[in-house]
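What follows is upload10.txt (compact mmCIF, C-alpha atoms and all ligand atoms).
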```txt
# COMPACT_ATOMS: atom_id res chain seq x y z
CA MET A 17 164.72 -118.08 169.01
CA GLU A 18 167.38 -117.15 171.52
CA ALA A 19 168.64 -113.62 171.74
CA ASN A 20 172.18 -113.03 170.67
CA MET A 21 173.73 -112.01 174.01
CA LYS A 22 176.67 -110.22 172.46
CA GLU A 23 174.43 -107.90 170.53
CA VAL A 24 171.89 -107.47 173.36
CA LYS A 25 174.59 -105.50 175.16
CA ASP A 26 174.19 -102.90 172.41
CA LYS A 27 172.92 -99.84 174.28
CA ASN A 28 171.34 -98.22 171.24
CA ILE A 29 167.67 -97.63 172.10
CA LEU A 30 166.67 -98.96 168.69
CA THR A 31 168.37 -102.35 169.12
CA ASP A 32 166.04 -105.16 170.12
CA SER A 33 166.71 -108.23 172.25
CA PHE A 34 167.72 -110.20 169.14
CA GLY A 35 170.37 -107.65 168.24
CA ARG A 36 168.36 -106.17 165.38
CA ARG A 37 169.10 -102.48 164.90
CA HIS A 38 166.12 -100.49 163.69
CA SER A 39 167.31 -97.97 161.15
CA TYR A 40 164.23 -97.67 158.93
CA LEU A 41 161.30 -95.60 160.18
CA ARG A 42 157.97 -95.88 158.39
CA ILE A 43 155.63 -93.02 159.24
CA SER A 44 151.93 -93.18 158.48
CA LEU A 45 150.64 -89.63 157.93
CA ILE A 46 146.93 -90.28 157.66
CA GLU A 47 144.36 -93.03 158.18
CA LYS A 48 142.08 -91.92 155.35
CA CYS A 49 142.31 -93.01 151.74
CA ASN A 50 140.73 -92.25 148.38
CA LEU A 51 140.56 -95.99 147.58
CA ARG A 52 138.95 -98.86 149.46
CA CYS A 53 141.21 -101.83 148.67
CA SER A 54 139.40 -104.75 150.25
CA TYR A 55 142.56 -106.37 151.65
CA CYS A 56 143.44 -103.11 153.42
CA MET A 57 140.26 -101.23 154.37
CA PRO A 58 137.53 -103.29 156.11
CA ALA A 59 134.16 -103.16 154.33
CA ASN A 60 132.56 -101.41 157.31
CA GLY A 61 135.37 -98.83 157.49
CA VAL A 62 137.61 -97.99 160.45
CA PRO A 63 137.09 -95.42 163.21
CA PHE A 64 139.21 -92.41 162.22
CA THR A 65 141.29 -90.50 164.75
CA PRO A 66 140.16 -86.84 164.99
CA ASN A 67 142.54 -84.48 163.17
CA LYS A 68 143.71 -82.79 166.36
CA SER A 69 145.04 -86.12 167.59
CA LEU A 70 147.12 -86.70 164.45
CA MET A 71 150.75 -85.62 164.42
CA ASN A 72 151.28 -82.20 162.86
CA PRO A 73 154.30 -81.45 160.63
CA ASP A 74 156.41 -80.10 163.51
CA GLU A 75 155.67 -83.15 165.65
CA ILE A 76 156.50 -85.50 162.78
CA TYR A 77 159.77 -83.63 162.33
CA GLU A 78 160.68 -83.69 166.06
CA ILE A 79 159.94 -87.39 166.46
CA SER A 80 161.83 -88.23 163.26
CA LYS A 81 164.78 -86.17 164.50
CA LEU A 82 164.95 -88.27 167.66
CA PHE A 83 164.95 -91.46 165.60
CA VAL A 84 167.65 -90.10 163.31
CA LYS A 85 169.76 -89.18 166.34
CA ASN A 86 169.49 -92.85 167.34
CA GLY A 87 170.56 -94.27 164.01
CA VAL A 88 167.61 -94.15 161.60
CA ASP A 89 168.91 -93.52 158.09
CA LYS A 90 165.80 -94.17 156.02
CA ILE A 91 162.31 -92.74 156.39
CA ARG A 92 159.21 -93.76 154.44
CA LEU A 93 156.04 -91.65 154.37
CA THR A 94 152.92 -93.71 153.93
CA GLY A 95 149.27 -93.88 155.00
CA GLY A 96 146.24 -94.32 154.26
CA GLU A 97 146.97 -92.18 151.27
CA PRO A 98 149.70 -89.72 152.32
CA LEU A 99 149.03 -87.33 149.43
CA LEU A 100 145.59 -86.61 150.91
CA ARG A 101 147.32 -84.58 153.63
CA LYS A 102 147.00 -80.90 152.77
CA ASP A 103 150.35 -80.29 154.48
CA PHE A 104 152.16 -83.15 152.73
CA GLU A 105 154.60 -80.83 150.94
CA GLU A 106 155.54 -79.17 154.24
CA ILE A 107 156.01 -82.57 155.92
CA ILE A 108 158.24 -84.07 153.25
CA PHE A 109 160.45 -80.98 153.04
CA LYS A 110 160.83 -80.83 156.82
CA VAL A 111 161.68 -84.53 157.09
CA LYS A 112 164.05 -84.25 154.14
CA THR A 113 166.21 -81.77 156.07
CA LEU A 114 167.16 -84.62 158.42
CA GLY A 115 169.37 -86.00 155.65
CA THR A 116 168.10 -89.60 155.57
CA LYS A 117 167.06 -91.54 152.50
CA ILE A 118 163.45 -90.69 151.88
CA SER A 119 160.68 -92.65 150.27
CA LEU A 120 156.96 -92.45 149.71
CA THR A 121 154.24 -95.09 149.33
CA SER A 122 151.20 -93.86 147.43
CA ASN A 123 148.37 -95.08 145.26
CA ALA A 124 149.42 -92.37 142.75
CA ILE A 125 145.94 -90.96 142.18
CA LEU A 126 147.06 -87.46 143.22
CA ILE A 127 150.69 -87.70 142.11
CA ASP A 128 150.31 -85.30 139.15
CA ARG A 129 149.33 -82.47 141.53
CA HIS A 130 152.53 -83.00 143.53
CA LEU A 131 155.09 -83.69 140.81
CA HIS A 132 156.36 -80.11 140.61
CA TYR A 133 157.96 -80.30 144.05
CA LEU A 134 158.56 -84.07 144.27
CA ARG A 135 160.95 -83.63 141.34
CA LYS A 136 163.06 -81.35 143.54
CA ILE A 137 163.58 -84.04 146.18
CA ASN A 138 166.89 -85.64 145.45
CA GLN A 139 166.84 -89.47 145.26
CA LEU A 140 163.23 -89.79 146.37
CA SER A 141 162.01 -93.35 145.90
CA ILE A 142 158.33 -93.99 145.35
CA ASN A 143 156.34 -97.21 145.72
CA VAL A 144 152.98 -97.23 143.99
CA SER A 145 150.26 -99.83 144.51
CA LEU A 146 148.64 -101.27 141.41
CA ASP A 147 146.93 -104.63 141.76
CA SER A 148 145.54 -105.02 138.27
CA LEU A 149 146.32 -103.86 134.77
CA CYS A 150 142.66 -104.30 133.94
CA LYS A 151 140.45 -101.26 134.56
CA PHE A 152 137.44 -103.30 135.67
CA LYS A 153 139.38 -105.45 138.10
CA PHE A 154 141.06 -102.36 139.51
CA LYS A 155 137.61 -101.00 140.31
CA GLU A 156 136.53 -104.33 141.77
CA ILE A 157 139.40 -104.42 144.27
CA THR A 158 139.59 -100.68 145.10
CA LEU A 159 135.85 -99.93 144.84
CA ARG A 160 136.76 -96.73 142.96
CA ASP A 161 136.89 -95.95 139.24
CA GLN A 162 140.43 -94.55 139.35
CA PHE A 163 142.42 -96.86 137.08
CA ASP A 164 143.07 -94.29 134.35
CA ASN A 165 144.37 -91.65 136.78
CA THR A 166 146.57 -94.18 138.54
CA TYR A 167 147.98 -95.66 135.36
CA GLU A 168 148.67 -92.30 133.72
CA ASN A 169 150.38 -91.05 136.85
CA ILE A 170 152.56 -94.16 136.98
CA LEU A 171 153.60 -93.47 133.39
CA LYS A 172 154.43 -89.87 134.38
CA LEU A 173 156.66 -91.12 137.20
CA ILE A 174 158.40 -93.50 134.81
CA LYS A 175 158.89 -90.74 132.24
CA ASP A 176 160.34 -88.49 134.94
CA ARG A 177 162.79 -91.27 135.91
CA PHE A 178 161.75 -91.47 139.54
CA ASN A 179 163.14 -94.41 141.46
CA LEU A 180 159.84 -96.29 141.25
CA LYS A 181 158.55 -99.67 142.35
CA ILE A 182 155.08 -101.06 141.68
CA ASN A 183 153.49 -103.06 144.52
CA VAL A 184 151.02 -105.79 143.58
CA VAL A 185 149.14 -107.65 146.32
CA LEU A 186 148.32 -111.04 144.81
CA ILE A 187 145.01 -112.69 145.63
CA LYS A 188 144.28 -116.16 144.34
CA GLY A 189 141.52 -116.26 141.78
CA PHE A 190 141.53 -112.49 141.44
CA ASN A 191 144.81 -111.26 139.94
CA ASP A 192 147.20 -114.24 139.98
CA ASN A 193 146.45 -114.63 136.26
CA GLU A 194 148.12 -111.23 135.71
CA ILE A 195 151.58 -112.18 137.03
CA ILE A 196 153.03 -112.57 133.52
CA ASP A 197 151.38 -109.33 132.37
CA PHE A 198 153.03 -107.51 135.28
CA ILE A 199 156.39 -109.09 134.35
CA LYS A 200 155.92 -107.79 130.81
CA PHE A 201 154.93 -104.38 132.18
CA SER A 202 158.15 -104.40 134.22
CA SER A 203 160.20 -105.27 131.15
CA ASP A 204 158.47 -102.80 128.82
CA HIS A 205 158.82 -99.91 131.26
CA LYS A 206 162.05 -100.97 132.97
CA VAL A 207 160.42 -100.69 136.34
CA MET A 208 160.64 -103.00 139.37
CA VAL A 209 157.40 -104.83 140.15
CA ARG A 210 157.01 -106.42 143.59
CA PHE A 211 154.51 -109.16 144.24
CA ILE A 212 153.25 -109.11 147.83
CA GLU A 213 151.76 -112.12 149.57
CA PHE A 214 148.31 -111.26 150.92
CA MET A 215 148.60 -110.72 154.70
CA PRO A 216 146.01 -110.98 157.48
CA PHE A 217 144.77 -107.83 159.22
CA TYR A 218 141.65 -106.92 161.11
CA GLY A 219 138.58 -107.03 158.88
CA ASN A 220 140.26 -108.10 155.62
CA LYS A 221 138.80 -111.62 155.37
CA TRP A 222 142.24 -113.17 155.02
CA ASP A 223 142.36 -116.85 154.39
CA ASN A 224 145.49 -118.77 153.57
CA SER A 225 143.87 -120.29 150.49
CA ARG A 226 143.66 -116.78 148.97
CA CYS A 227 147.38 -116.16 149.40
CA VAL A 228 149.61 -116.71 146.35
CA SER A 229 152.90 -118.02 147.71
CA GLN A 230 156.45 -117.21 146.70
CA ASP A 231 156.87 -120.74 145.30
CA GLN A 232 153.70 -120.49 143.24
CA ILE A 233 154.83 -117.16 141.77
CA LEU A 234 158.31 -118.46 140.91
CA ASN A 235 156.99 -121.71 139.44
CA LEU A 236 154.57 -119.85 137.23
CA ILE A 237 157.27 -117.49 135.97
CA LYS A 238 159.67 -120.39 135.33
CA SER A 239 157.08 -122.39 133.47
CA HIS A 240 156.32 -119.39 131.25
CA PHE A 241 159.83 -118.09 130.57
CA GLY A 242 161.86 -121.30 131.06
CA LYS A 243 163.36 -122.71 134.23
CA ASP A 244 166.80 -121.23 133.52
CA SER A 245 165.46 -117.75 132.89
CA LEU A 246 165.53 -116.55 136.50
CA ILE A 247 168.48 -114.64 137.93
CA GLU A 248 168.27 -114.23 141.70
CA HIS A 249 169.87 -111.04 142.99
CA ASN A 250 172.03 -110.88 146.10
CA ASN A 251 169.67 -109.60 148.75
CA LYS A 252 170.82 -106.73 150.94
CA LYS A 253 171.15 -107.37 154.69
CA ASN A 254 167.78 -105.89 155.64
CA PHE A 255 165.90 -106.93 152.52
CA ILE A 256 162.11 -106.84 152.34
CA ALA A 257 161.70 -108.33 148.89
CA ARG A 258 163.67 -111.17 147.35
CA GLU A 259 164.63 -109.71 143.98
CA TYR A 260 165.07 -111.34 140.57
CA SER A 261 165.57 -110.47 136.94
CA LEU A 262 164.71 -112.46 133.86
CA LYS A 263 167.24 -113.32 131.15
CA ASN A 264 166.69 -111.64 127.78
CA THR A 265 164.19 -109.15 129.17
CA ASN A 266 164.40 -105.85 131.06
CA SER A 267 162.20 -107.26 133.78
CA LYS A 268 163.12 -106.89 137.42
CA PHE A 269 160.76 -108.16 140.03
CA GLY A 270 160.62 -108.89 143.74
CA ILE A 271 158.56 -111.07 146.03
CA ILE A 272 157.52 -109.97 149.50
CA SER A 273 156.90 -113.35 151.06
CA THR A 274 155.87 -112.34 154.56
CA ILE A 275 153.58 -115.36 154.86
CA THR A 276 155.47 -118.30 153.37
CA ASN A 277 159.09 -117.18 153.74
CA PRO A 278 159.34 -114.29 156.22
CA PHE A 279 162.46 -112.15 156.50
CA CYS A 280 162.17 -111.22 160.19
CA ASP A 281 165.80 -112.19 160.93
CA GLY A 282 167.04 -108.96 159.37
CA CYS A 283 164.11 -106.73 160.26
CA ASN A 284 165.22 -103.12 160.75
CA ARG A 285 161.76 -101.55 160.46
CA ILE A 286 159.88 -99.58 163.07
CA ARG A 287 156.50 -97.96 162.52
CA LEU A 288 154.97 -94.70 163.70
CA THR A 289 151.21 -94.39 163.24
CA ALA A 290 149.50 -91.15 162.24
CA ASN A 291 148.27 -90.69 165.81
CA GLY A 292 151.75 -90.99 167.24
CA LYS A 293 151.96 -94.60 168.36
CA ILE A 294 155.01 -96.78 167.89
CA LYS A 295 154.42 -100.30 166.56
CA ASN A 296 157.33 -102.69 166.76
CA CYS A 297 155.96 -105.03 164.09
CA LEU A 298 153.38 -104.88 161.32
CA PHE A 299 151.55 -107.77 163.00
CA SER A 300 151.77 -106.60 166.60
CA ASN A 301 148.91 -104.99 168.50
CA ASN A 302 151.43 -103.85 171.08
CA GLU A 303 151.67 -100.06 170.67
CA ILE A 304 153.14 -97.22 172.70
CA ASP A 305 151.84 -93.68 172.53
CA ILE A 306 154.67 -91.19 172.23
CA LEU A 307 152.64 -88.22 170.96
CA SER A 308 150.87 -87.61 174.29
CA PRO A 309 154.05 -87.47 176.41
CA MET A 310 155.66 -85.32 173.75
CA ARG A 311 152.73 -82.87 173.85
CA ASN A 312 152.92 -82.83 177.65
CA GLY A 313 156.63 -82.07 177.55
CA ASP A 314 157.46 -85.45 179.14
CA PRO A 315 160.35 -87.69 178.06
CA TYR A 316 159.46 -90.53 175.69
CA GLU A 317 162.78 -91.91 174.48
CA HIS A 318 162.60 -94.70 177.10
CA LEU A 319 159.16 -95.71 175.76
CA ILE A 320 160.60 -96.24 172.30
CA ASN A 321 163.33 -98.37 173.85
CA LEU A 322 160.74 -100.36 175.81
CA ILE A 323 158.67 -101.29 172.79
CA ILE A 324 161.77 -102.14 170.76
CA LYS A 325 162.99 -104.44 173.53
CA ASN A 326 159.56 -106.12 173.58
CA LYS A 327 159.65 -106.96 169.89
CA LEU A 328 159.17 -110.67 169.25
CA HIS A 329 161.29 -112.44 166.71
CA THR A 330 158.82 -113.50 164.02
CA ARG A 331 155.59 -111.78 162.94
CA ALA A 332 154.73 -110.65 166.48
CA GLY A 333 154.64 -114.25 167.69
CA MET A 334 152.78 -115.72 164.70
CA ASP A 335 155.76 -117.94 164.04
CA ASN A 336 153.90 -120.84 162.48
CA PHE A 337 151.03 -121.42 160.11
CA LYS A 338 148.67 -122.58 162.85
CA LYS A 339 148.95 -119.21 164.61
CA LEU A 340 148.77 -117.32 161.35
CA ASN A 341 145.52 -119.08 160.55
CA ASP A 342 144.09 -118.29 163.98
CA PRO A 343 142.07 -115.03 163.72
CA ASN A 344 142.61 -114.43 167.46
CA PHE A 345 146.19 -113.55 166.63
CA HIS A 346 145.47 -110.84 164.11
CA SER A 347 141.98 -109.57 164.85
CA ASN A 348 143.24 -107.34 167.69
CA ASN A 349 145.65 -105.59 165.37
CA ARG A 350 144.82 -102.43 163.41
CA SER A 351 143.70 -102.66 159.82
CA MET A 352 146.50 -102.08 157.34
CA ILE A 353 144.96 -98.73 156.34
CA ALA A 354 145.77 -97.43 159.84
CA ILE A 355 149.26 -98.96 159.95
CA GLY A 356 150.74 -97.95 156.62
CA GLY A 357 152.44 -101.08 155.36
N1 LIG B 401 147.84 -95.81 149.96
C1 LIG B 401 149.18 -96.18 149.74
C2 LIG B 401 149.28 -97.39 148.83
O1 LIG B 401 148.30 -98.06 148.64
O2 LIG B 401 150.38 -97.63 148.33
C3 LIG B 401 150.00 -96.41 151.00
C4 LIG B 401 149.38 -97.20 152.11
S1 LIG B 401 149.16 -98.93 151.81
C5 LIG B 401 148.52 -99.45 153.35
C6 LIG B 401 150.81 -99.54 151.80
C7 LIG B 401 151.01 -100.89 151.16
O3 LIG B 401 150.37 -101.88 151.95
C8 LIG B 401 150.45 -101.03 149.76
O4 LIG B 401 151.46 -101.47 148.89
C9 LIG B 401 149.39 -102.08 149.90
O5 LIG B 401 149.24 -102.85 148.76
C10 LIG B 401 149.91 -102.89 151.06
N2 LIG B 401 148.88 -103.68 151.73
C11 LIG B 401 147.74 -103.25 152.29
N3 LIG B 401 147.04 -104.28 152.84
C12 LIG B 401 147.76 -105.40 152.60
C13 LIG B 401 147.59 -106.78 152.90
N4 LIG B 401 146.51 -107.21 153.54
N5 LIG B 401 148.53 -107.65 152.50
C14 LIG B 401 149.63 -107.23 151.84
N6 LIG B 401 149.87 -105.93 151.54
C15 LIG B 401 148.94 -105.03 151.90
FE1 LIG B 402 144.23 -97.00 150.29
FE2 LIG B 402 146.63 -97.99 149.90
FE3 LIG B 402 144.96 -99.25 151.56
FE4 LIG B 402 144.45 -99.24 148.95
S1 LIG B 402 146.23 -100.18 149.96
S2 LIG B 402 142.96 -98.78 150.58
S3 LIG B 402 145.24 -97.28 148.30
S4 LIG B 402 145.82 -97.26 151.85
```
Could you write out this file's structure as structure tokens?
Amino acid sequence: MEANMKEVKDKNILTDSFGRRHSYLRISLIEKCNLRCSYCMPANGVPFTPNKSLMNPDEIYEISKLFVKNGVDKIRLTGGEPLLRKDFEEIIFKVKTLGTKISLTSNAILIDRHLHYLRKINQLSINVSLDSLCKFKFKEITLRDQFDNTYENILKLIKDRFNLKINVVLIKGFNDNEIIDFIKFSSDHKVMVRFIEFMPFYGNKWDNSRCVSQDQILNLIKSHFGKDSLIEHNNKKNFIAREYSLKNTNSKFGIISTITNPFCDGCNRIRLTANGKIKNCLFSNNEIDILSPMRNGDPYEHLINLIIKNKLHTRAGMDNFKKLNDPNFHSNNRSMIAIGG
């Protein structure tokens, strides 16, 4: 796709060569996790960065401040499992002082220990992963017996009226038979459920035949509730999920169709890994270290600009199914656990 020359003249360091302004920073705080979701964490694990090479709370704050100065207005804290960081409370309160929208992605296992201060964070939005409503399947996909904790903590978040979304990665033959149950869960609890197409990352045994597509999800919902039951919402400019509601229910749901219907045109997302590297796309193995120059007292703003300008238009160059199916394109990338989603 050709760059839009008018917008390329935009001097903002967070504007790429297609005129996309990056205003949403997703910061991974940790590479470790208390679950082992097979689509995220490779079976043989990942090499963890030593703690001293992970960003500390002051560094996270300073880097975030630079991004905010350049137009970032939304920050998400993710991981690994961000609540495993002993200094998570300090981090979120420091970042919060920057005045952006703030959000958290968590598996919710430890949420109850953090609720007392999370409640104080105005307009915090929380995304929680839950891939099955069945205890045994939850254990099968996460390799940990943590369904009850997760589920109870989700109910606590709902009761406390947090701005909550449930993320469900759909895998054919594993949990696609729970789509209607999740829709009912959404309606019963008045909570947004987002179905995510299974994406390829290093070591996650991705195969297109295991991906449940946007069309398959919509067709199933229409055949269950009636073809006129769906109401499609107007998507915001930089949407990630296409959102819907269902007539005569309280259900709201979204589909993150990165594989079959990507939304790269309006991408405003930039990622910072726990060890201080900028990634310009979830699927890109092109990274720039900004933590080292920062620690050395060297400038690094131009490095951020460089990697933004190098961003390709669609899924880091995987712009068709042939490339997506070619492991050479994604096996050099990090595993999702070390990116943060
Ligand atoms: N531990 C937290 C959690 O699970 O929500 C935060 C980190 S996790 C990497 C962030 C999100 O990435 C989760 O919603 C997870 O389901 C999603 N994710 C991980 N691997 C994925 C994959 N291969 N395809 C699609 N989504 C994936
Ligand atoms: Fe952990 Fe989240 Fe990855 Fe599951 S999806 S292994 S909870 S980081």
Nearby residues, ligand LIG 401 (chain B), 7 Å, all atoms listed in the file, as number ranges by chain = A: 49, 55-56, 94-98, 121-123, 143-145, 183-185, 212-217, 220, 352-353, 355-357
Nearest to A:Tyr167, restricted to only C-alpha atoms and choosing among A:Ala124, A:Leu51, A:Ile142, A:Val228, comes out as A:Ala124
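Here atom CA of A:Ile272 stands at a distance of 12.6 Å from atom CA of A:Lys181.
What separates atom CA of A:Pro278 from atom CA of A:Cys297 is a distance of 12.6 Å.
The coordinates place atom CA of A:Leu262 at 4.9 Å from atom CA of A:Leu246.
Nearest residue to A:Asn291 among A:Asn344, A:Gln139, A:Asn321, A:Thr65 is A:Thr65, counting only C-alpha atoms.
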Take the point (160.9, -84.1, 142.4) in the file's coordinates, draw a sphere of radius 12 Å around it, and report as a PyMOL selection string every protein, DNA or RNA residue with an atom inside or on it, counting all atoms listed in the file.
chain A and resi 105+108-109+118-120+127-142+172-173+176-179
Using all atoms listed in the file, the residue out of A:Asn86, A:Asn224, A:Thr116, A:Ser351 with shortest distance to ligand LIG 402 (chain B) is A:Ser351
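Counting all atoms listed in the file, the residue from A:Asn277, A:Thr113, A:Ser245, A:Thr289 that sits nearest to A:Ala257 is A:Asn277.
Minimum atom-to-atom distance to ligand LIG 402 (chain B), evaluated using all atoms listed in the file, belongs to A:Phe163 out of A:Asn28, A:Ile76, A:Phe163, A:Phe34.
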Enclose the full set of atoms of stretch 74-78 of chain A listed in the file within a box whose edges lie along x, y and z, apply 6 Å of padding to each of the six sides, and report centre and edge lengths in Å to one decimal as AutoDock Vina command-line options.
```
--center_x 158.2 --center_y -82.8 --center_z 164.2 --size_x 17.0 --size_y 17.4 --size_z 15.7
```
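Shortest separation to A:Lys112 among A:Ser80, A:Asn169, A:Asn326, A:Asn250 occurs at residue A:Ser80, atoms counted being all atoms listed in the file.
Residues of protein, DNA or RNA having at least one counted atom within 12 Å of (159.4, -81.5, 165.7), given all atoms listed in the file, are Met71, Asn72, Pro73, Asp74, Glu75, Ile76, Tyr77, Glu78, Ile79, Ser80, Lys81, Leu82, Phe83, Ile107, Lys110, Val111, Thr113, Leu114, Leu307, Met310 and Arg311 of chain A.
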Give me the residues within 7 Å of A:Arg36 as a compact mmCIF listing (two decimals) with C-alpha atoms, in the frame of the given file, counting only C-alpha atoms and dropping any in the same chain fewer than 6 places off.
```
# COMPACT_ATOMS: atom_id res chain seq x y z
CA GLY A 282 167.04 -108.96 159.37
CA CYS A 283 164.11 -106.73 160.26
CA ASN A 284 165.22 -103.12 160.75
```
**Study point:** Shell around A:Phe211 at 12 Å using all atoms listed in the file, local window under 2 positions removed, as an MDAnalysis selection string
**Key:** chainID A and resid 145:148 181:187 191:192 194:196 198:199 202 208:209 213:214 227:234 256:260 268:274
Please extract stretch 198-274 of chain A and write it out with C-alpha atoms, as a compact mmCIF listing (two decimals), in the first residue's frame.
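Contents of selection-v1.txt, freshly written:
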```txt
# COMPACT_ATOMS: atom_id res chain seq x y z
CA PHE A 198 -20.02 -17.05 26.35
CA ILE A 199 -22.76 -14.98 24.67
CA LYS A 200 -25.13 -16.03 27.45
CA PHE A 201 -22.47 -15.22 30.05
CA SER A 202 -22.16 -11.77 28.48
CA SER A 203 -25.92 -11.26 28.62
CA ASP A 204 -26.36 -12.61 32.16
CA HIS A 205 -23.54 -10.48 33.56
CA LYS A 206 -23.84 -7.50 31.21
CA VAL A 207 -20.20 -7.75 30.33
CA MET A 208 -18.47 -7.44 26.94
CA VAL A 209 -16.97 -10.70 25.67
CA ARG A 210 -14.40 -10.53 22.86
CA PHE A 211 -13.63 -13.52 20.71
CA ILE A 212 -10.04 -13.48 19.45
CA GLU A 213 -8.86 -15.32 16.37
CA PHE A 214 -5.96 -17.61 17.25
CA MET A 215 -2.73 -15.95 16.02
CA PRO A 216 0.67 -17.44 15.12
CA PHE A 217 3.67 -16.82 17.39
CA TYR A 218 6.91 -18.63 18.01
CA GLY A 219 6.33 -22.06 19.53
CA ASN A 220 2.51 -22.01 19.66
CA LYS A 221 1.83 -24.65 16.99
CA TRP A 222 -0.46 -22.31 15.06
CA ASP A 223 -2.19 -23.75 12.09
CA ASN A 224 -4.85 -21.97 10.11
CA SER A 225 -7.23 -24.93 10.45
CA ARG A 226 -7.31 -24.30 14.23
CA CYS A 227 -8.37 -20.68 13.82
CA VAL A 228 -12.09 -19.90 14.20
CA SER A 229 -12.79 -17.07 11.77
CA GLN A 230 -14.93 -13.98 12.18
CA ASP A 231 -17.41 -15.34 9.61
CA GLN A 232 -17.68 -18.68 11.38
CA ILE A 233 -18.37 -16.94 14.70
CA LEU A 234 -21.02 -14.64 13.22
CA ASN A 235 -22.71 -17.45 11.29
CA LEU A 236 -22.93 -19.59 14.37
CA ILE A 237 -24.43 -16.76 16.43
CA LYS A 238 -26.92 -15.92 13.66
CA SER A 239 -28.00 -19.51 13.26
CA HIS A 240 -28.59 -19.79 17.01
CA PHE A 241 -30.29 -16.45 17.71
CA GLY A 242 -31.76 -15.69 14.27
CA LYS A 243 -30.19 -13.89 11.34
CA ASP A 244 -31.82 -10.56 12.23
CA SER A 245 -30.68 -10.66 15.83
CA LEU A 246 -27.28 -9.01 15.30
CA ILE A 247 -26.76 -5.28 15.73
CA GLU A 248 -23.36 -4.13 14.50
CA HIS A 249 -21.96 -1.15 16.40
CA ASN A 250 -20.24 1.78 14.74
CA ASN A 251 -16.57 1.02 15.21
CA LYS A 252 -14.32 3.76 16.53
CA LYS A 253 -11.51 5.00 14.27
CA ASN A 254 -8.77 2.90 15.86
CA PHE A 255 -10.91 -0.11 16.69
CA ILE A 256 -9.38 -3.45 17.63
CA ALA A 257 -12.58 -5.45 17.91
CA ARG A 258 -15.64 -5.25 15.69
CA GLU A 259 -18.44 -4.94 18.23
CA TYR A 260 -22.01 -6.23 18.20
CA SER A 261 -25.02 -6.62 20.43
CA LEU A 262 -27.87 -9.08 20.21
CA LYS A 263 -31.52 -8.04 20.10
CA ASN A 264 -33.60 -8.97 23.15
CA THR A 265 -30.54 -9.81 25.25
CA ASN A 266 -28.01 -7.83 27.27
CA SER A 267 -25.20 -9.40 25.31
CA LYS A 268 -22.42 -7.31 23.87
CA PHE A 269 -19.59 -9.02 22.11
CA GLY A 270 -16.63 -8.23 19.89
CA ILE A 271 -14.49 -10.11 17.41
CA ILE A 272 -10.76 -9.52 17.08
CA SER A 273 -10.23 -10.80 13.57
CA THR A 274 -6.52 -10.23 13.15
```
